[in-house]
$ cat model-v8.pdb   # PDB, C-alpha atoms, pLDDT in the B column
ATOM      1  CA  MET F  15     -80.205 -61.228  28.237  1.00 48.00           C
ATOM      2  CA  ASN F  16     -78.838 -61.960  31.689  1.00 48.00           C
ATOM      3  CA  VAL F  17     -76.853 -64.917  30.381  1.00 45.00           C
ATOM      4  CA  LEU F  18     -75.385 -62.831  27.552  1.00 44.00           C
ATOM      5  CA  PHE F  19     -74.497 -60.030  29.961  1.00 44.00           C
ATOM      6  CA  CYS F  20     -72.780 -62.447  32.313  1.00 46.00           C
ATOM      7  CA  LEU F  21     -70.777 -63.990  29.505  1.00 42.00           C
ATOM      8  CA  THR F  22     -69.694 -60.561  28.250  1.00 49.00           C
ATOM      9  CA  SER F  23     -68.699 -59.445  31.746  1.00 50.00           C
ATOM     10  CA  TYR F  24     -66.807 -62.685  32.289  1.00 47.00           C
ATOM     11  CA  SER F  25     -64.916 -62.265  29.012  1.00 51.00           C
ATOM     12  CA  LEU F  26     -63.971 -58.700  29.895  1.00 47.00           C
ATOM     13  CA  LEU F  27     -62.823 -59.780  33.340  1.00 45.00           C
ATOM     14  CA  MET F  28     -60.649 -62.524  31.803  1.00 48.00           C
ATOM     15  CA  CYS F  29     -59.029 -59.999  29.457  1.00 46.00           C
ATOM     16  CA  ILE F  30     -58.238 -57.728  32.386  1.00 43.00           C
ATOM     17  CA  CYS F  31     -56.751 -60.635  34.323  1.00 45.00           C
ATOM     18  CA  VAL F  32     -54.620 -61.666  31.378  1.00 41.00           C
ATOM     19  CA  ARG F  33     -53.290 -58.111  30.972  1.00 44.00           C
ATOM     20  CA  VAL F  34     -52.468 -57.892  34.676  1.00 40.00           C
ATOM     21  CA  GLU F  35     -50.551 -61.161  34.546  1.00 40.00           C
ATOM     22  CA  VAL F  36     -48.721 -60.604  31.250  1.00 39.00           C
ATOM     23  CA  TRP F  37     -47.664 -56.932  31.719  1.00 42.00           C
ATOM     24  CA  PRO F  38     -45.150 -57.494  34.559  1.00 43.00           C
ATOM     25  CA  LEU F  39     -43.595 -60.380  32.652  1.00 38.00           C
ATOM     26  CA  ALA F  40     -43.078 -58.200  29.595  1.00 45.00           C
ATOM     27  CA  MET F  41     -41.573 -55.459  31.733  1.00 50.00           C
ATOM     28  CA  SER F  42     -39.077 -57.883  33.316  1.00 64.00           C
ATOM     29  CA  GLU F  43     -37.589 -59.037  30.021  1.00 86.00           C
ATOM     30  CA  ALA F  44     -33.873 -58.290  29.624  1.00 91.00           C
ATOM     31  CA  ARG F  45     -33.132 -55.375  27.268  1.00 94.00           C
ATOM     32  CA  PRO F  46     -29.856 -54.165  25.718  1.00 95.00           C
ATOM     33  CA  PHE F  47     -28.170 -51.039  27.111  1.00 96.00           C
ATOM     34  CA  LYS F  48     -24.890 -49.156  26.675  1.00 95.00           C
ATOM     35  CA  ILE F  49     -22.967 -48.467  29.889  1.00 95.00           C
ATOM     36  CA  TRP F  50     -20.489 -45.565  30.132  1.00 93.00           C
ATOM     37  CA  ASN F  51     -18.326 -44.278  32.952  1.00 90.00           C
ATOM     38  CA  SER F  52     -18.459 -40.605  33.966  1.00 86.00           C
ATOM     39  CA  GLU F  53     -15.494 -39.626  31.738  1.00 81.00           C
ATOM     40  CA  ARG F  54     -16.996 -41.360  28.674  1.00 84.00           C
ATOM     41  CA  SER F  55     -13.691 -43.201  28.282  1.00 80.00           C
ATOM     42  CA  ILE F  56     -15.045 -46.710  28.993  1.00 88.00           C
ATOM     43  CA  LYS F  57     -18.060 -47.907  27.030  1.00 90.00           C
ATOM     44  CA  LYS F  58     -19.616 -51.346  27.380  1.00 93.00           C
ATOM     45  CA  GLY F  59     -22.755 -53.106  26.243  1.00 94.00           C
ATOM     46  CA  THR F  60     -24.972 -55.315  28.374  1.00 95.00           C
ATOM     47  CA  VAL F  61     -28.527 -56.543  28.860  1.00 96.00           C
ATOM     48  CA  ALA F  62     -30.517 -56.055  32.044  1.00 96.00           C
ATOM     49  CA  ALA F  63     -33.993 -56.901  33.235  1.00 94.00           C
ATOM     50  CA  SER F  64     -34.103 -54.395  36.090  1.00 95.00           C
ATOM     51  CA  LEU F  65     -32.336 -51.335  37.444  1.00 95.00           C
ATOM     52  CA  GLU F  66     -30.733 -53.449  40.149  1.00 95.00           C
ATOM     53  CA  ASP F  67     -29.500 -55.886  37.504  1.00 95.00           C
ATOM     54  CA  LEU F  68     -28.126 -53.006  35.413  1.00 96.00           C
ATOM     55  CA  LEU F  69     -26.223 -51.495  38.338  1.00 96.00           C
ATOM     56  CA  LYS F  70     -24.707 -54.839  39.284  1.00 95.00           C
ATOM     57  CA  LYS F  71     -23.560 -55.660  35.745  1.00 96.00           C
ATOM     58  CA  GLY F  72     -22.501 -52.088  35.047  1.00 95.00           C
ATOM     59  CA  LYS F  73     -20.178 -51.933  38.060  1.00 94.00           C
ATOM     60  CA  LEU F  74     -18.575 -55.193  37.012  1.00 95.00           C
ATOM     61  CA  LEU F  75     -18.030 -53.981  33.425  1.00 94.00           C
ATOM     62  CA  LEU F  76     -16.611 -50.608  34.484  1.00 92.00           C
ATOM     63  CA  GLY F  77     -14.344 -52.013  37.180  1.00 91.00           C
ATOM     64  CA  ILE F  78     -16.253 -50.450  40.074  1.00 92.00           C
ATOM     65  CA  SER F  79     -16.283 -52.196  43.425  1.00 91.00           C
ATOM     66  CA  GLU F  80     -19.468 -54.151  44.065  1.00 91.00           C
ATOM     67  CA  SER F  81     -19.868 -52.470  47.451  1.00 91.00           C
ATOM     68  CA  GLU F  82     -19.545 -48.921  46.081  1.00 92.00           C
ATOM     69  CA  GLN F  83     -22.716 -46.877  45.671  1.00 92.00           C
ATOM     70  CA  VAL F  84     -23.412 -45.630  42.152  1.00 94.00           C
ATOM     71  CA  THR F  85     -26.131 -43.609  40.475  1.00 94.00           C
ATOM     72  CA  ALA F  86     -27.488 -44.372  37.006  1.00 96.00           C
ATOM     73  CA  VAL F  87     -28.292 -41.393  34.754  1.00 95.00           C
ATOM     74  CA  LEU F  88     -29.147 -40.918  31.097  1.00 94.00           C
ATOM     75  CA  GLU F  89     -25.939 -40.008  29.256  1.00 91.00           C
ATOM     76  CA  GLU F  90     -27.657 -37.505  26.960  1.00 90.00           C
ATOM     77  CA  ASP F  91     -28.976 -35.137  29.648  1.00 90.00           C
ATOM     78  CA  GLY F  92     -28.076 -36.494  33.096  1.00 91.00           C
ATOM     79  CA  THR F  93     -31.609 -37.493  34.143  1.00 94.00           C
ATOM     80  CA  GLU F  94     -31.357 -39.804  37.147  1.00 94.00           C
ATOM     81  CA  ILE F  95     -32.932 -43.250  36.880  1.00 95.00           C
ATOM     82  CA  SER F  96     -34.266 -43.313  40.399  1.00 92.00           C
ATOM     83  CA  ASP F  97     -36.532 -46.384  40.471  1.00 93.00           C
ATOM     84  CA  GLU F  98     -37.625 -49.523  38.677  1.00 94.00           C
ATOM     85  CA  ASP F  99     -40.786 -47.909  37.329  1.00 93.00           C
ATOM     86  CA  TYR F 100     -38.826 -45.300  35.375  1.00 94.00           C
ATOM     87  CA  PHE F 101     -36.278 -47.890  34.269  1.00 95.00           C
ATOM     88  CA  ALA F 102     -39.086 -50.011  32.791  1.00 93.00           C
ATOM     89  CA  PHE F 103     -39.884 -47.284  30.239  1.00 92.00           C
ATOM     90  CA  ILE F 104     -36.312 -46.669  29.018  1.00 94.00           C
ATOM     91  CA  ARG F 105     -35.830 -47.595  25.360  1.00 93.00           C
ATOM     92  CA  HIS F 106     -33.589 -50.388  24.117  1.00 92.00           C
ATOM     93  CA  ASN F 107     -29.935 -49.456  23.494  1.00 93.00           C
ATOM     94  CA  THR F 108     -30.176 -46.302  25.593  1.00 95.00           C
ATOM     95  CA  THR F 109     -26.791 -45.083  26.846  1.00 95.00           C
ATOM     96  CA  ILE F 110     -26.664 -45.013  30.633  1.00 96.00           C
ATOM     97  CA  MET F 111     -23.865 -43.464  32.672  1.00 95.00           C
ATOM     98  CA  LEU F 112     -22.869 -44.749  36.105  1.00 95.00           C
ATOM     99  CA  LEU F 113     -21.682 -42.104  38.553  1.00 93.00           C
ATOM    100  CA  LYS F 114     -19.878 -42.676  41.824  1.00 90.00           C
ATOM    101  CA  ASN F 115     -20.757 -40.605  44.911  1.00 86.00           C
ATOM    102  CA  ASN F 116     -18.157 -37.930  44.154  1.00 79.00           C
ATOM    103  CA  GLN F 117     -18.964 -37.672  40.440  1.00 84.00           C
ATOM    104  CA  LYS F 118     -21.407 -35.472  38.556  1.00 84.00           C
ATOM    105  CA  TRP F 119     -22.859 -35.672  35.085  1.00 87.00           C
ATOM    106  CA  LEU F 120     -21.265 -33.282  32.565  1.00 79.00           C
ATOM    107  CA  PRO F 121     -22.304 -32.553  28.971  1.00 76.00           C
ATOM    108  CA  THR F 122     -20.123 -33.920  26.188  1.00 69.00           C
ATOM    109  CA  GLY F 123     -16.853 -31.988  25.921  1.00 56.00           C
ATOM    110  CA  ALA F 124     -17.120 -30.334  29.339  1.00 55.00           C
ATOM    111  CA  GLU F 125     -14.910 -32.992  30.929  1.00 52.00           C
ATOM    112  CA  VAL F 126     -12.119 -31.953  28.561  1.00 51.00           C
ATOM    113  CA  GLN F 127     -12.261 -28.380  29.823  1.00 50.00           C
ATOM    114  CA  PHE F 128     -11.984 -29.604  33.394  1.00 50.00           C
ATOM    115  CA  ALA F 129      -8.900 -31.602  32.431  1.00 50.00           C
ATOM    116  CA  VAL F 130      -7.429 -28.510  30.798  1.00 51.00           C
ATOM    117  CA  ASP F 131      -8.095 -26.439  33.916  1.00 53.00           C
ATOM    118  CA  GLU F 132      -6.295 -29.064  36.002  1.00 51.00           C
ATOM    119  CA  VAL F 133      -3.241 -28.985  33.723  1.00 48.00           C
ATOM    120  CA  ASP F 134      -3.108 -25.181  33.970  1.00 49.00           C
ATOM    121  CA  ASN F 135      -2.193 -25.579  37.637  1.00 48.00           C
ATOM    122  CA  ILE F 136       0.351 -28.404  37.360  1.00 41.00           C
ATOM    123  CA  ASP F 137       3.991 -27.587  38.108  1.00 44.00           C
ATOM    124  CA  GLY F 138       3.468 -23.857  37.753  1.00 43.00           C
ATOM    125  CA  ASN F 139       2.053 -24.195  34.262  1.00 45.00           C
ATOM    126  CA  THR F 140      -0.226 -21.162  34.435  1.00 40.00           C
ATOM    127  CA  GLU F 141      -0.995 -20.737  30.769  1.00 48.00           C
ATOM    128  CA  LEU F 142      -2.306 -23.028  28.044  1.00 56.00           C
ATOM    129  CA  SER F 143      -3.243 -21.290  24.818  1.00 65.00           C
ATOM    130  CA  ASP F 144      -6.861 -21.128  23.759  1.00 67.00           C
ATOM    131  CA  ARG F 145      -5.800 -22.655  20.470  1.00 68.00           C
ATOM    132  CA  MET F 146      -4.391 -25.676  22.291  1.00 72.00           C
ATOM    133  CA  LYS F 147      -7.619 -26.085  24.247  1.00 68.00           C
ATOM    134  CA  GLN F 148      -9.633 -25.991  21.026  1.00 70.00           C
ATOM    135  CA  LEU F 149      -7.356 -28.548  19.372  1.00 74.00           C
ATOM    136  CA  ILE F 150      -7.542 -30.999  22.250  1.00 74.00           C
ATOM    137  CA  ALA F 151     -11.314 -30.624  22.638  1.00 71.00           C
ATOM    138  CA  GLY F 152     -11.740 -31.236  18.913  1.00 73.00           C
ATOM    139  CA  LEU F 153      -9.574 -34.354  18.942  1.00 75.00           C
ATOM    140  CA  HIS F 154     -11.344 -35.658  22.018  1.00 69.00           C
ATOM    141  CA  LYS F 155     -14.659 -35.529  20.127  1.00 69.00           C
ATOM    142  CA  ASN F 156     -13.362 -36.812  16.794  1.00 74.00           C
ATOM    143  CA  ILE F 157      -9.807 -38.047  16.355  1.00 75.00           C
ATOM    144  CA  THR F 158     -10.106 -37.992  12.543  1.00 78.00           C
ATOM    145  CA  ARG F 159      -9.952 -34.187  12.666  1.00 78.00           C
ATOM    146  CA  ILE F 160      -6.184 -34.601  12.426  1.00 80.00           C
ATOM    147  CA  ILE F 161      -6.412 -34.579   8.631  1.00 81.00           C
ATOM    148  CA  THR F 162      -8.062 -31.140   8.666  1.00 81.00           C
ATOM    149  CA  LEU F 163      -5.518 -29.441  10.943  1.00 80.00           C
ATOM    150  CA  SER F 164      -3.021 -26.926   9.632  1.00 84.00           C
ATOM    151  CA  ASN F 165       0.700 -27.677   9.651  1.00 87.00           C
ATOM    152  CA  ASP F 166       1.175 -25.342  12.618  1.00 85.00           C
ATOM    153  CA  ASP F 167      -1.566 -27.101  14.593  1.00 83.00           C
ATOM    154  CA  LEU F 168      -0.102 -30.500  13.802  1.00 86.00           C
ATOM    155  CA  GLN F 169       3.296 -29.299  15.002  1.00 87.00           C
ATOM    156  CA  VAL F 170       1.769 -28.058  18.255  1.00 83.00           C
ATOM    157  CA  ILE F 171       0.378 -31.521  18.982  1.00 85.00           C
ATOM    158  CA  VAL F 172       3.691 -33.154  18.069  1.00 88.00           C
ATOM    159  CA  ASP F 173       5.611 -30.849  20.432  1.00 86.00           C
ATOM    160  CA  ILE F 174       3.319 -31.077  23.478  1.00 84.00           C
ATOM    161  CA  ASP F 175       4.449 -33.232  26.388  1.00 84.00           C
ATOM    162  CA  VAL F 176       3.106 -36.794  25.989  1.00 85.00           C
ATOM    163  CA  SER F 177       1.853 -37.074  29.567  1.00 82.00           C
ATOM    164  CA  MET F 178       0.010 -33.770  29.288  1.00 79.00           C
ATOM    165  CA  LEU F 179      -1.585 -34.776  25.986  1.00 80.00           C
ATOM    166  CA  ALA F 180      -2.676 -38.087  27.509  1.00 79.00           C
ATOM    167  CA  HIS F 181      -4.212 -36.245  30.452  1.00 77.00           C
ATOM    168  CA  LEU F 182      -6.108 -33.859  28.177  1.00 75.00           C
ATOM    169  CA  LEU F 183      -7.352 -36.699  25.982  1.00 75.00           C
ATOM    170  CA  GLN F 184      -8.189 -38.718  29.095  1.00 71.00           C
ATOM    171  CA  ASP F 185      -6.415 -41.739  27.665  1.00 75.00           C
ATOM    172  CA  THR F 186      -3.122 -43.630  27.998  1.00 82.00           C
ATOM    173  CA  GLU F 187       0.290 -42.240  27.109  1.00 83.00           C
ATOM    174  CA  ASN F 188       0.633 -44.928  24.452  1.00 87.00           C
ATOM    175  CA  PHE F 189      -2.507 -43.588  22.781  1.00 85.00           C
ATOM    176  CA  ALA F 190      -1.239 -40.010  23.061  1.00 85.00           C
ATOM    177  CA  LYS F 191       2.091 -41.043  21.553  1.00 89.00           C
ATOM    178  CA  SER F 192       0.317 -42.736  18.641  1.00 89.00           C
ATOM    179  CA  ILE F 193      -1.594 -39.497  18.021  1.00 87.00           C
ATOM    180  CA  GLN F 194       1.659 -37.556  17.897  1.00 88.00           C
ATOM    181  CA  GLU F 195       3.179 -40.098  15.508  1.00 91.00           C
ATOM    182  CA  ALA F 196       0.132 -39.849  13.256  1.00 89.00           C
ATOM    183  CA  CYS F 197       0.445 -36.052  13.235  1.00 89.00           C
ATOM    184  CA  GLN F 198       4.150 -36.299  12.388  1.00 91.00           C
ATOM    185  CA  ARG F 199       3.476 -38.714   9.509  1.00 91.00           C
ATOM    186  CA  HIS F 200       0.783 -36.392   8.166  1.00 87.00           C
ATOM    187  CA  LEU F 201       3.225 -33.477   8.365  1.00 89.00           C
ATOM    188  CA  ASP F 202       5.897 -35.483   6.529  1.00 91.00           C
ATOM    189  CA  GLU F 203       3.467 -36.460   3.785  1.00 90.00           C
ATOM    190  CA  ARG F 204       2.408 -32.858   3.326  1.00 87.00           C
ATOM    191  CA  MET F 205       6.050 -31.789   3.154  1.00 87.00           C
ATOM    192  CA  GLN F 206       6.833 -34.390   0.508  1.00 89.00           C
ATOM    193  CA  THR F 207       3.816 -33.310  -1.527  1.00 88.00           C
ATOM    194  CA  SER F 208       4.843 -29.662  -1.231  1.00 84.00           C
ATOM    195  CA  GLU F 209       8.408 -30.454  -2.353  1.00 85.00           C
ATOM    196  CA  ALA F 210       7.112 -32.446  -5.326  1.00 88.00           C
ATOM    197  CA  MET F 211       4.884 -29.542  -6.371  1.00 88.00           C
ATOM    198  CA  ASP F 212       7.810 -27.122  -6.093  1.00 85.00           C
ATOM    199  CA  LEU F 213       9.907 -29.327  -8.383  1.00 87.00           C
ATOM    200  CA  LEU F 214       7.086 -29.494 -10.907  1.00 87.00           C
ATOM    201  CA  ARG F 215       6.742 -25.715 -10.878  1.00 86.00           C
ATOM    202  CA  LEU F 216      10.501 -25.281 -11.380  1.00 86.00           C
ATOM    203  CA  TYR F 217      10.474 -27.756 -14.234  1.00 84.00           C
ATOM    204  CA  HIS F 218       7.532 -26.022 -15.862  1.00 82.00           C
ATOM    205  CA  THR F 219       9.169 -22.598 -15.532  1.00 83.00           C
ATOM    206  CA  ALA F 220      12.477 -23.844 -16.932  1.00 81.00           C
ATOM    207  CA  ARG F 221      10.757 -25.559 -19.818  1.00 78.00           C
ATOM    208  CA  GLN F 222       8.848 -22.437 -20.791  1.00 79.00           C
ATOM    209  CA  SER F 223      11.974 -20.288 -20.798  1.00 77.00           C
ATOM    210  CA  SER F 224      14.172 -22.783 -22.652  1.00 71.00           C
ATOM    211  CA  PRO F 225      15.082 -21.779 -26.270  1.00 71.00           C
ATOM    212  CA  TYR F 226      15.249 -25.436 -27.211  1.00 66.00           C
ATOM    213  CA  VAL F 227      11.573 -26.105 -26.592  1.00 59.00           C
ATOM    214  CA  GLU F 228       8.960 -25.043 -29.159  1.00 62.00           C
ATOM    215  CA  ASP F 229       5.618 -23.661 -28.035  1.00 57.00           C
ATOM    216  CA  SER F 230       3.688 -26.320 -29.917  1.00 53.00           C
ATOM    217  CA  GLY F 231       5.367 -29.293 -28.253  1.00 52.00           C
ATOM    218  CA  PRO F 232       8.442 -30.806 -26.725  1.00 51.00           C
ATOM    219  CA  LYS F 233      10.474 -30.722 -29.939  1.00 50.00           C
ATOM    220  CA  ARG F 234      13.990 -29.392 -30.016  1.00 51.00           C
ATOM    221  CA  GLN F 235      14.940 -26.741 -32.595  1.00 52.00           C
ATOM    222  CA  LYS F 236      16.831 -27.962 -35.624  1.00 49.00           C
ATOM    223  CA  HIS F 237      20.234 -26.362 -36.315  1.00 52.00           C
ATOM    224  CA  ALA F 238      21.581 -25.922 -39.851  1.00 50.00           C
ATOM    225  CA  HIS F 239      24.729 -27.849 -40.725  1.00 51.00           C
ATOM    226  CA  THR F 240      27.720 -25.820 -41.793  1.00 45.00           C
TER
END
$ encode --input "model-v8.pdb" --output "C-alpha cells"
Amino acid sequence: MNVLFCLTSYSLLMCICVRVEVWPLAMSEARPFKIWNSERSIKKGTVAASLEDLLKKGKLLLGISESEQVTAVLEEDGTEISDEDYFAFIRHNTTIMLLKNNQKWLPTGAEVQFAVDEVDNIDGNTELSDRMKQLIAGLHKNITRIITLSNDDLQVIVDIDVSMLAHLLQDTENFAKSIQEACQRHLDERMQTSEAMDLLRLYHTARQSSPYVEDSGPKRQKHAHT
C-alpha cells in the first residue's frame, strides 16, 4: 500500500511539474493581432508574443517614434491592456488600438463628430448643416452608401470643398476627390437613365395617340385607292 501510494503521489507531482513548465511556454507563443491608430485610419496586422513585443511592433507599423509612450487598449470598448497577465488572455485576431499620451479612446463614429466640430470653427465657418454631418458620418462608416444617396445629397458632396471633405473623412485630398468624382459619375448615370425613361414615355404617349397605329399591334391603317 505504501509503495502504491508513493507511486501515485509521484505521478501526480510529475503532472503538476509538467503543467508548471509547459504553461508559460504556451502563453509566450506569438499570436496574431490587428493594430489600429486612434483615428482608425491606419490598420495593420502583426503577431506578438508579449505586450512589450506588441507595443514595439505596433509603433513601428503605425509610424510612431520608438521613444514615444503609448497605451494599448481594446478597440471595441477602450479597455486598457495594463500588464502581461491580461495580455496573455486576449484572443487571437483581437483589434488593439495604440494611443499616444494626448489621445483618448472614442467609440466608432465619434471621431467624425470631433472633426466636424473642428471644421465649424475654421475660417469663420460657423455652420455646417446637420444633413452634411449625417452624410459624412455615414460615408466614413461605409463608403458604399454613395449608391443609396439622393441626387441632392450627391450634389452636396460634389460641391463641398475638397480639403474640408478630406478633413471630415480623415483621409487624403486625393481620396476625397475620388469620392466626389464617384458621386458625379453616379449623378450622370442617373440623369442619363432619367432622360432615357422620359424619351420612352414620350414615345409611348405619341404611339397611343397616333391614328396610324392600331390597338392590336404596330400595323398602319390601309387607305383605299382612288
$ resolve_selection --input "model-v8.pdb" --expression "the PyMOL selection byres ((chain F and resi 167-175) around 10)" --output "ChimeraX atom specification"
/F:145-146,149-150,160-166,176-180,187,190-191,193-201
$ closest_residue --input "model-v8.pdb" --among "F:Ile104, F:His218, F:Ser192, F:Glu89" --to "Glu53 in chain F" --atoms "only C-alpha atoms"
F:Glu89
$ atom_distance --input "model-v8.pdb" --atom1 "CA of Trp50 in chain F" --atom2 "CA of Gly72 in chain F"
8.4 Å
$ resolve_selection --input "model-v8.pdb" --expression "the PyMOL selection byres ((chain F and resi 54-61) around 8)" --output "list in words"
Ala44, Arg45, Pro46, Phe47, Lys48, Ile49, Trp50, Asn51, Ser52, Glu53, Ala62, Ala63, Leu68, Lys71, Gly72, Leu75, Leu76, Gln184 and Asp185 of chain F
$ axis_aligned_box --input "model-v8.pdb" --around "range 175-180 of chain F" --padding-each-side "5 Å" --output "AutoDock Vina command-line options"
--center_x 0.9 --center_y -35.7 --center_z 27.8 --size_x 17.1 --size_y 14.9 --size_z 13.6
$ resolve_selection --input "model-v8.pdb" --expression "the PyMOL selection byres ((chain F and resi 91) around 9)" --output "list in words"
Val87, Leu88, Glu89, Glu90, Gly92, Thr93, Trp119, Leu120 and Pro121 of chain F
$ atom_distance --input "model-v8.pdb" --atom1 "CA of Thr207 in chain F" --atom2 "CA of Leu153 in chain F"
24.5 Å
$ atom_distance --input "model-v8.pdb" --atom1 "CA of Leu183 in chain F" --atom2 "CA of Lys114 in chain F"
21.1 Å
$ residues_around --input "model-v8.pdb" --residues "Ile95 in chain F" --least-positions-apart "3" --cutoff "9 Å" --atoms "only C-alpha atoms" --output "ChimeraX atom specification"
/F:65,85-88,98,100-101
$ closest_residue --input "model-v8.pdb" --among "F:Thr186, F:Gln83, F:Thr158, F:Ser208" --to "Leu112 in chain F" --atoms "all atoms listed in the file"
F:Gln83
$ decode --input "model-v8.pdb" --residues "range 101-109 of chain F" --atoms "all heavy atoms" --output "compact mmCIF listing (two decimals), in the first residue's frame"
# COMPACT_ATOMS: atom_id res chain seq x y z
N PHE F 101 -2.74 40.61 -21.06
CA PHE F 101 -2.44 40.41 -22.47
C PHE F 101 -2.46 38.92 -22.83
O PHE F 101 -2.88 38.55 -23.93
CB PHE F 101 -1.07 41.01 -22.80
CG PHE F 101 -0.63 40.76 -24.21
CD1 PHE F 101 -1.11 41.53 -25.26
CD2 PHE F 101 0.28 39.73 -24.50
CE1 PHE F 101 -0.71 41.30 -26.57
CE2 PHE F 101 0.68 39.49 -25.81
CZ PHE F 101 0.19 40.27 -26.84
N ALA F 102 -2.02 38.07 -21.89
CA ALA F 102 -1.93 36.64 -22.16
C ALA F 102 -3.30 36.01 -22.44
O ALA F 102 -3.38 34.97 -23.09
CB ALA F 102 -1.27 35.93 -20.98
N PHE F 103 -4.37 36.64 -21.97
CA PHE F 103 -5.71 36.07 -22.14
C PHE F 103 -6.49 36.72 -23.29
O PHE F 103 -7.66 36.39 -23.49
CB PHE F 103 -6.50 36.21 -20.84
CG PHE F 103 -6.03 35.28 -19.76
CD1 PHE F 103 -5.12 35.71 -18.81
CD2 PHE F 103 -6.47 33.97 -19.72
CE1 PHE F 103 -4.67 34.86 -17.82
CE2 PHE F 103 -6.02 33.10 -18.73
CZ PHE F 103 -5.13 33.53 -17.77
N ILE F 104 -5.88 37.61 -24.05
CA ILE F 104 -6.56 38.24 -25.18
C ILE F 104 -6.62 37.26 -26.35
O ILE F 104 -5.62 36.61 -26.67
CB ILE F 104 -5.86 39.54 -25.60
CG1 ILE F 104 -5.92 40.55 -24.45
CG2 ILE F 104 -6.49 40.13 -26.85
CD1 ILE F 104 -5.19 41.83 -24.74
N ARG F 105 -7.77 37.16 -26.99
CA ARG F 105 -7.97 36.21 -28.08
C ARG F 105 -7.16 36.57 -29.32
O ARG F 105 -6.80 37.72 -29.54
CB ARG F 105 -9.46 36.14 -28.46
CG ARG F 105 -10.38 35.70 -27.34
CD ARG F 105 -11.78 35.48 -27.88
NE ARG F 105 -12.28 36.67 -28.54
CZ ARG F 105 -12.91 37.65 -27.93
NH1 ARG F 105 -13.08 37.61 -26.62
NH2 ARG F 105 -13.36 38.70 -28.61
N HIS F 106 -6.93 35.56 -30.14
CA HIS F 106 -6.27 35.78 -31.44
C HIS F 106 -7.09 36.73 -32.29
O HIS F 106 -8.32 36.77 -32.23
CB HIS F 106 -6.13 34.44 -32.19
CG HIS F 106 -5.16 33.50 -31.54
ND1 HIS F 106 -4.62 32.43 -32.20
CD2 HIS F 106 -4.64 33.46 -30.29
CE1 HIS F 106 -3.81 31.77 -31.40
NE2 HIS F 106 -3.81 32.38 -30.24
N ASN F 107 -6.39 37.53 -33.09
CA ASN F 107 -7.01 38.46 -34.05
C ASN F 107 -7.84 39.57 -33.40
O ASN F 107 -8.65 40.21 -34.07
CB ASN F 107 -7.88 37.71 -35.06
CG ASN F 107 -7.05 36.83 -35.98
OD1 ASN F 107 -6.04 37.27 -36.52
ND2 ASN F 107 -7.47 35.59 -36.16
N THR F 108 -7.62 39.80 -32.12
CA THR F 108 -8.28 40.92 -31.45
C THR F 108 -7.73 42.24 -31.99
O THR F 108 -6.53 42.35 -32.28
CB THR F 108 -8.05 40.86 -29.93
OG1 THR F 108 -8.70 39.69 -29.42
CG2 THR F 108 -8.63 42.08 -29.23
N THR F 109 -8.59 43.23 -32.17
CA THR F 109 -8.14 44.54 -32.64
C THR F 109 -7.71 45.39 -31.45
O THR F 109 -8.50 45.61 -30.52
CB THR F 109 -9.27 45.25 -33.41
OG1 THR F 109 -9.65 44.45 -34.52
CG2 THR F 109 -8.80 46.61 -33.91
